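Q: Structure provided below as structure tokens; questions to follow.
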Amino acid sequence: LTFVPPNDDRIRDPLERWKGHPIFKWSASGTMISSFPVQTPFYSAGQGAPSIKCTPGAITLQSANSLIVLDERHSKYPGPLPARAKGKKKEVLLWMTGKIEDLTRAAESAKLDFQTDIDIKQRTEEKLVLWRIMRVFVEHDGSLDNTPKVAEEVRNILLPNIADIKQSLELSSPQATTTASLTSPSSERAAIMEMRQALLEGQRERAVWLAEEKKLWGHAMLIASTMGQETWKQIVQSFVRSQVKSVGSDARSLAALYQVFAGNAEECADELVPSSARAGFQMISKVDGSVHGNPLEGLDQWRETLGLVAGNRTPNDGQSLLALGRLLASYNRAEAAHTCYLFARSLVKHNGVDDPETHFVLLGANHTGPESALLGSDLDSIVLTEIYEWASSLSAPANAVHYAPHFQAFKLIYAQALASHGLKSKAQSYCDGIGAAVKASARGSPYYHPVLLQSVDEFSAFLSQTPQSGGQGYLTKTAMNKFSSGAASWITKSLLGDDERESAAGSGGPGGEDISGPFGKVNGDSPTISRTVSN
């Protein structure tokens with residue numbers, strides 16, 4: 001195209017902006033401002049193609065949600081959720097049910113897509129599990145206590161194929177479970193007599209290891225239960241190696257459960273992934289020297305392991321679930337790790353990313369490694385954490401802390417995302433909710449620092465001045481007050497009509513005359529206005 005060059009200094013513009021360029025601005029208030037140049041063709045004699053002259057086009061204001069719609073599920077989310085507001089429970093459960101349906105469809109779609117990476121499929125499925133467990137958590141007022149109803153709901157989520165497993169066991173041959181060799185009665189009697197002699201001599205340690213050597217596990221565990229925690233752990237580990245792990249890799253979850261029963265928290269994780277494998281060593285067969293299987297495949301049995309522990313709770317199993325969660329988190333499986341943490345909530349630390357002892361910052365988001373830079377970018381993790389914060393307050397004592405101080409900054413991020421899509425009233429509600437959380441903190445918190453409080457105040461003020469939808473037009477009265485008195489009065493008259501003119505009229509002039517208009521300052525005392533025609 002041939003453009004008509006301007007006759008002024010614009011011709012010197014190295015970017016040649018006189019040729020016309022579209023202008024687009026997406027403001028944080030959720031308003032899109034755009035302007036497209038008007039190209040007018042001119043035909044001259046002897047020219048086959050027209051020359052184009054560009055002039056500025058009209059400026060258009062549009063709401064962001066008219067073009068880029070926020071995910072429908074997020075736009076209907078019933079937040080913010082005030083602490084101990086039990087009246088929100090029905091609304092939250094209904095919303096979570098719809099969200100879980102969305103995640104179910106996403107997981108099924110990922111499973112059928114052969115081009116999707118296996119890790120993405122895995123985490124999509126584990127995200128669904130986390131959300132379903134969180135729904136049980138909300139339904140029971142922030143508790144996953146070992147009641148029959150909770151145990152049944154959790155079992156259906158973690159072990160959906162339990163009926164198929166039971167059926168396969170019933171069809172299997174009973175002869176398949178017989179041991180290869182049995183201890184003869186005579187040798188067993190001799191071993192018992194030898195243990196008796198050791199106990200008669202007060203040598204309890206020799207007796208327990210005699211029982212372990214002869215595989216008399218009942219005797220070994222009964223004696224070990226009187227000898228301290230260390231001996232007990234060693235006997236249980238020996239029993240698991242001999243009687244459980246020898247069955248095959250399918251029994252890893254059962255081996256982990258037995259370690260939990262024995263109080264061996266760290267060893268529970270070792271049953272799924274050996275410590276040598278976590279250190280980077282390969283498992284070598286003693287027979288032929290070949291690499292023995294994939295040591296990380298035990299991670300995929302985390303759901304079965306958690307299901308066994310959650311269905312057979314013991315007083316001290318929280319440490320084991322904590323170890324299992326840390327193991328999964330170390331392999332970047334945040335959703336799986338956080339699901340385990342929900343069952344060990346009393347031992348789990350929910351704090352900011354600057355705390356090296358924190359177990360999670362946002363539910364479903366990894367706060368360590370490369371993914372830490374993206375913390376807060378996934379709105380699902382912010383919403384799920386807010387539900388966790390709110391549901392935890394339903395069963396907490398009245399004098400307990402009901403808000404997570406570090407999480408209030410993420411609520412501000414969520415509010416900004418809502419505002420950028422035009423949902424300014426809901427964004428303002430989140431600002432008010434952050435203020436309520438700060439006021440509810442009797443002792444204060446390092447996370448309630450001046451930067452956060454100032455950011456909330458500035459964003460709240462910004463929301464009150466941004467264009468609003470409805471009958472008020474594009475500018476609110478609050479925003480108009482920011483103008484000078486003369487300009488504000490003139491805009492008020494122009495935009496709000498006759499009803500506002502009387503109230504907008506100022507009383508600054510003698511006799512009450514209006515001097516606030518654009519020409520109100522022109523009076524007898526003003527300098528003489530020149531009538532010289534400009535060139």
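Starting from 1 in every chain, residues are counted up; chains themselves are A, B, ... following the order of the structure tokens, and ligands are numbered from 1 as listed.
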Which neighbours of Thr358 in chain A fall inside 8 Å, counting only C-alpha atoms, when residues of the same chain fewer than 5 positions from it are skipped, and could you give them as a PDB file with N, CA, C and O atoms, in the first residue's frame?

A:
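Contents of selection_35.pdb, freshly written:
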ATOM      1  N   VAL A 348       1.005 -31.414  60.138  1.00  0.00           N
ATOM      2  CA  VAL A 348       1.415 -30.739  58.901  1.00  0.00           C
ATOM      3  C   VAL A 348       1.505 -29.236  59.141  1.00  0.00           C
ATOM      4  O   VAL A 348       0.640 -28.642  59.804  1.00  0.00           O
ATOM      5  N   LYS A 349       2.544 -28.627  58.605  1.00  0.00           N
ATOM      6  CA  LYS A 349       2.745 -27.184  58.732  1.00  0.00           C
ATOM      7  C   LYS A 349       2.339 -26.499  57.438  1.00  0.00           C
ATOM      8  O   LYS A 349       2.915 -26.754  56.376  1.00  0.00           O
ATOM      9  N   HIS A 350       1.332 -25.642  57.541  1.00  0.00           N
ATOM     10  CA  HIS A 350       0.840 -24.884  56.393  1.00  0.00           C
ATOM     11  C   HIS A 350       1.299 -23.441  56.576  1.00  0.00           C
ATOM     12  O   HIS A 350       0.773 -22.714  57.421  1.00  0.00           O
ATOM     13  N   ASN A 351       2.296 -23.032  55.793  1.00  0.00           N
ATOM     14  CA  ASN A 351       2.904 -21.723  56.011  1.00  0.00           C
ATOM     15  C   ASN A 351       3.455 -21.194  54.695  1.00  0.00           C
ATOM     16  O   ASN A 351       3.273 -21.803  53.640  1.00  0.00           O
ATOM     17  N   GLY A 352       4.159 -20.072  54.779  1.00  0.00           N
ATOM     18  CA  GLY A 352       4.687 -19.430  53.588  1.00  0.00           C
ATOM     19  C   GLY A 352       5.888 -20.139  53.011  1.00  0.00           C
ATOM     20  O   GLY A 352       6.515 -20.985  53.647  1.00  0.00           O
ATOM     21  N   VAL A 353       6.224 -19.770  51.794  1.00  0.00           N
ATOM     22  CA  VAL A 353       7.316 -20.419  51.072  1.00  0.00           C
ATOM     23  C   VAL A 353       8.672 -20.112  51.707  1.00  0.00           C
ATOM     24  O   VAL A 353       9.652 -20.840  51.486  1.00  0.00           O
TER      25      VAL A 353
END

Q: Can you tell me, as a PyMOL selection string, what residues are no more than 10 Å from range 392-405 of chain A when counting only C-alpha atoms, ignoring any on the same chain fewer than 6 positions away?

A: chain A and resi 82-86+89+137-138+140-143+345+350-352+361+385-386+434+436-438+440-448

Q: Save the residues we just selected, N, CA, C and O atoms, as a CSV table (one decimal), in the first residue's frame?

A:
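Written out: result-v3.csv:
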chain,number,residue,atom,x,y,z
A,82,PRO,N,-15.8,-16.4,54.6
A,82,PRO,CA,-15.5,-15.9,55.9
A,82,PRO,C,-15.3,-17.1,56.8
A,82,PRO,O,-16.0,-18.2,56.7
A,83,ALA,N,-14.4,-17.0,57.8
A,83,ALA,CA,-14.2,-18.1,58.8
A,83,ALA,C,-15.4,-18.4,59.5
A,83,ALA,O,-16.2,-17.5,59.9
A,84,ARG,N,-15.7,-19.7,59.8
A,84,ARG,CA,-16.8,-20.2,60.6
A,84,ARG,C,-18.1,-19.9,60.0
A,84,ARG,O,-19.2,-20.0,60.6
A,85,ALA,N,-18.2,-19.5,58.7
A,85,ALA,CA,-19.4,-19.3,58.0
A,85,ALA,C,-20.0,-20.6,57.5
A,85,ALA,O,-19.9,-20.9,56.3
A,86,LYS,N,-20.7,-21.3,58.4
A,86,LYS,CA,-21.2,-22.6,58.0
A,86,LYS,C,-22.4,-22.5,57.0
A,86,LYS,O,-22.7,-23.5,56.3
A,89,LYS,N,-21.7,-23.7,53.4
A,89,LYS,CA,-21.4,-25.1,53.2
A,89,LYS,C,-22.1,-25.7,52.0
A,89,LYS,O,-21.5,-26.3,51.1
A,137,PHE,N,-13.7,-33.7,53.1
A,137,PHE,CA,-13.2,-32.9,54.2
A,137,PHE,C,-14.2,-31.8,54.5
A,137,PHE,O,-14.5,-31.5,55.7
A,138,VAL,N,-14.7,-31.2,53.5
A,138,VAL,CA,-15.7,-30.1,53.6
A,138,VAL,C,-17.0,-30.7,54.2
A,138,VAL,O,-17.7,-30.1,55.1
A,140,HIS,N,-17.6,-33.1,56.0
A,140,HIS,CA,-17.6,-33.4,57.4
A,140,HIS,C,-16.9,-32.3,58.3
A,140,HIS,O,-16.3,-32.6,59.3
A,141,ASP,N,-17.2,-31.1,57.9
A,141,ASP,CA,-16.8,-29.9,58.6
A,141,ASP,C,-15.3,-29.8,59.0
A,141,ASP,O,-14.9,-29.6,60.1
A,142,GLY,N,-14.5,-30.1,58.0
A,142,GLY,CA,-13.0,-30.0,58.2
A,142,GLY,C,-12.4,-31.1,59.0
A,142,GLY,O,-11.5,-30.8,59.7
A,143,SER,N,-12.9,-32.3,58.8
A,143,SER,CA,-12.4,-33.4,59.6
A,143,SER,C,-12.4,-34.7,58.7
A,143,SER,O,-13.3,-34.9,57.9
A,345,ARG,N,-3.2,-34.0,59.4
A,345,ARG,CA,-3.3,-32.5,59.4
A,345,ARG,C,-2.7,-31.9,60.7
A,345,ARG,O,-2.1,-30.8,60.7
A,350,HIS,N,1.3,-25.6,57.5
A,350,HIS,CA,0.8,-24.9,56.4
A,350,HIS,C,1.3,-23.4,56.6
A,350,HIS,O,0.8,-22.7,57.4
A,351,ASN,N,2.3,-23.0,55.8
A,351,ASN,CA,2.9,-21.7,56.0
A,351,ASN,C,3.5,-21.2,54.7
A,351,ASN,O,3.3,-21.8,53.6
A,352,GLY,N,4.2,-20.1,54.8
A,352,GLY,CA,4.7,-19.4,53.6
A,352,GLY,C,5.9,-20.1,53.0
A,352,GLY,O,6.5,-21.0,53.6
A,361,VAL,N,2.3,-24.8,50.8
A,361,VAL,CA,1.9,-23.4,50.8
A,361,VAL,C,0.5,-23.2,50.2
A,361,VAL,O,-0.4,-22.6,50.8
A,385,THR,N,-7.2,-23.9,48.4
A,385,THR,CA,-6.6,-23.6,49.7
A,385,THR,C,-7.5,-22.7,50.5
A,385,THR,O,-7.6,-22.8,51.7
A,386,GLU,N,-8.3,-21.9,49.8
A,386,GLU,CA,-9.3,-21.1,50.5
A,386,GLU,C,-10.4,-22.0,51.1
A,386,GLU,O,-10.8,-21.8,52.3
A,434,ILE,N,-9.6,-9.7,53.2
A,434,ILE,CA,-8.3,-9.7,53.7
A,434,ILE,C,-8.2,-8.7,54.9
A,434,ILE,O,-7.5,-9.0,55.9
A,436,ALA,N,-10.6,-8.1,57.0
A,436,ALA,CA,-11.2,-8.8,58.1
A,436,ALA,C,-10.2,-9.8,58.7
A,436,ALA,O,-10.1,-10.0,60.0
A,437,ALA,N,-9.4,-10.5,57.9
A,437,ALA,CA,-8.4,-11.5,58.4
A,437,ALA,C,-7.3,-10.8,59.2
A,437,ALA,O,-6.9,-11.3,60.2
A,438,VAL,N,-6.9,-9.6,58.7
A,438,VAL,CA,-5.9,-8.9,59.5
A,438,VAL,C,-6.4,-8.4,60.8
A,438,VAL,O,-5.7,-8.5,61.9
A,440,ALA,N,-8.7,-9.8,62.5
A,440,ALA,CA,-9.0,-11.0,63.4
A,440,ALA,C,-7.8,-11.5,64.1
A,440,ALA,O,-7.9,-12.4,65.0
A,441,SER,N,-6.6,-11.1,63.6
A,441,SER,CA,-5.3,-11.6,64.1
A,441,SER,C,-5.0,-10.8,65.4
A,441,SER,O,-4.6,-9.6,65.3
A,442,ALA,N,-5.1,-11.4,66.5
A,442,ALA,CA,-4.9,-10.7,67.8
A,442,ALA,C,-3.4,-10.5,68.0
A,442,ALA,O,-3.0,-9.4,68.5
A,443,ARG,N,-2.5,-11.4,67.6
A,443,ARG,CA,-1.1,-11.3,67.8
A,443,ARG,C,-0.4,-10.7,66.6
A,443,ARG,O,0.8,-10.4,66.7
A,444,GLY,N,-1.1,-10.5,65.5
A,444,GLY,CA,-0.4,-10.1,64.3
A,444,GLY,C,0.4,-11.2,63.6
A,444,GLY,O,0.5,-12.3,64.1
A,445,SER,N,1.1,-10.9,62.6
A,445,SER,CA,1.9,-11.8,61.8
A,445,SER,C,2.9,-11.1,61.0
A,445,SER,O,2.6,-10.0,60.4
A,446,PRO,N,4.1,-11.7,60.8
A,446,PRO,CA,5.1,-11.1,59.9
A,446,PRO,C,4.5,-11.0,58.4
A,446,PRO,O,5.0,-10.1,57.7
A,447,TYR,N,3.6,-11.8,58.1
A,447,TYR,CA,3.0,-11.7,56.7
A,447,TYR,C,2.1,-10.6,56.5
A,447,TYR,O,1.8,-10.2,55.4
A,448,TYR,N,1.6,-10.0,57.6
A,448,TYR,CA,0.8,-8.8,57.5
A,448,TYR,C,1.7,-7.5,57.5
A,448,TYR,O,1.6,-6.7,58.4

Q: Can you list every residue in range 40-113 of chain A that DSSP puts in strand (DSSP E or B), as a list in words?

A: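 The strand (DSSP E or B) residues within range 40-113 of chain A come out as Thr40, Pro41, Phe42, Ser51, Ile52, Lys53, Cys54, Thr55, Ile59, Thr60, Leu61, Gln62 and Ser63 of chain A.
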
Q: Dump N, CA, C and O atoms for the selected residues as a compact mmCIF listing (two decimals), in the first residue's frame?

A:
# COMPACT_ATOMS: atom_id res chain seq x y z
N THR A 40 -8.32 5.84 4.58
CA THR A 40 -9.14 6.45 3.52
C THR A 40 -8.37 6.41 2.21
O THR A 40 -7.27 6.99 2.11
N PRO A 41 -8.91 5.75 1.17
CA PRO A 41 -8.20 5.68 -0.12
C PRO A 41 -8.42 6.96 -0.95
O PRO A 41 -9.50 7.54 -0.94
N PHE A 42 -7.36 7.38 -1.66
CA PHE A 42 -7.43 8.51 -2.57
C PHE A 42 -6.94 8.05 -3.94
O PHE A 42 -5.88 7.43 -4.04
N SER A 51 -3.88 5.82 -3.09
CA SER A 51 -3.02 6.18 -1.97
C SER A 51 -3.87 6.18 -0.69
O SER A 51 -5.05 6.53 -0.73
N ILE A 52 -3.25 5.78 0.41
CA ILE A 52 -3.98 5.63 1.67
C ILE A 52 -3.57 6.74 2.62
O ILE A 52 -2.39 6.98 2.84
N LYS A 53 -4.57 7.39 3.19
CA LYS A 53 -4.34 8.38 4.24
C LYS A 53 -4.96 7.86 5.53
O LYS A 53 -6.14 7.51 5.55
N CYS A 54 -4.14 7.81 6.60
CA CYS A 54 -4.61 7.29 7.89
C CYS A 54 -4.98 8.42 8.82
O CYS A 54 -4.25 9.40 8.94
N THR A 55 -6.09 8.24 9.47
CA THR A 55 -6.53 9.17 10.52
C THR A 55 -6.90 8.37 11.76
O THR A 55 -7.25 7.18 11.65
N ILE A 59 -12.23 5.62 19.73
CA ILE A 59 -11.74 4.90 20.92
C ILE A 59 -12.90 4.09 21.49
O ILE A 59 -13.98 4.62 21.78
N THR A 60 -12.69 2.80 21.65
CA THR A 60 -13.73 1.89 22.13
C THR A 60 -13.37 1.34 23.50
O THR A 60 -12.24 0.91 23.73
N LEU A 61 -14.34 1.36 24.40
CA LEU A 61 -14.19 0.78 25.72
C LEU A 61 -15.08 -0.45 25.83
O LEU A 61 -16.28 -0.37 25.53
N GLN A 62 -14.51 -1.56 26.22
CA GLN A 62 -15.27 -2.80 26.38
C GLN A 62 -14.88 -3.48 27.68
O GLN A 62 -13.72 -3.38 28.12
N SER A 63 -15.80 -4.19 28.25
CA SER A 63 -15.50 -4.98 29.44
C SER A 63 -14.76 -6.25 29.01
O SER A 63 -15.09 -6.87 27.99

Q: For range 301-417 of chain A versus range 232-256 of chain A, which residues have an atom no more than 12 Å away, and what is each residue's nearest atom pair and distance in Å rounded to one decimal, using only C-alpha atoms, chain-then-number order, as a tab-separated table?

A:
residue	atom	partner	partner_atom	distance
A:Gln301	CA	A:Ser253	CA	6.5
A:Trp302	CA	A:Ser253	CA	7.6
A:Arg303	CA	A:Ser253	CA	8.9
A:Glu304	CA	A:Ser253	CA	6.3
A:Thr305	CA	A:Ser253	CA	4.6
A:Leu306	CA	A:Ser253	CA	8.4
A:Gly307	CA	A:Ser253	CA	9.3
A:Leu308	CA	A:Ser253	CA	7.6
A:Val309	CA	A:Ala256	CA	8.9
A:Asn312	CA	A:Leu254	CA	11.6
A:Asp317	CA	A:Ala256	CA	11.2
A:Ser320	CA	A:Ala256	CA	9.0
A:Leu321	CA	A:Ala256	CA	10.4
A:Ala323	CA	A:Ala256	CA	11.2
A:Leu324	CA	A:Ala256	CA	9.6
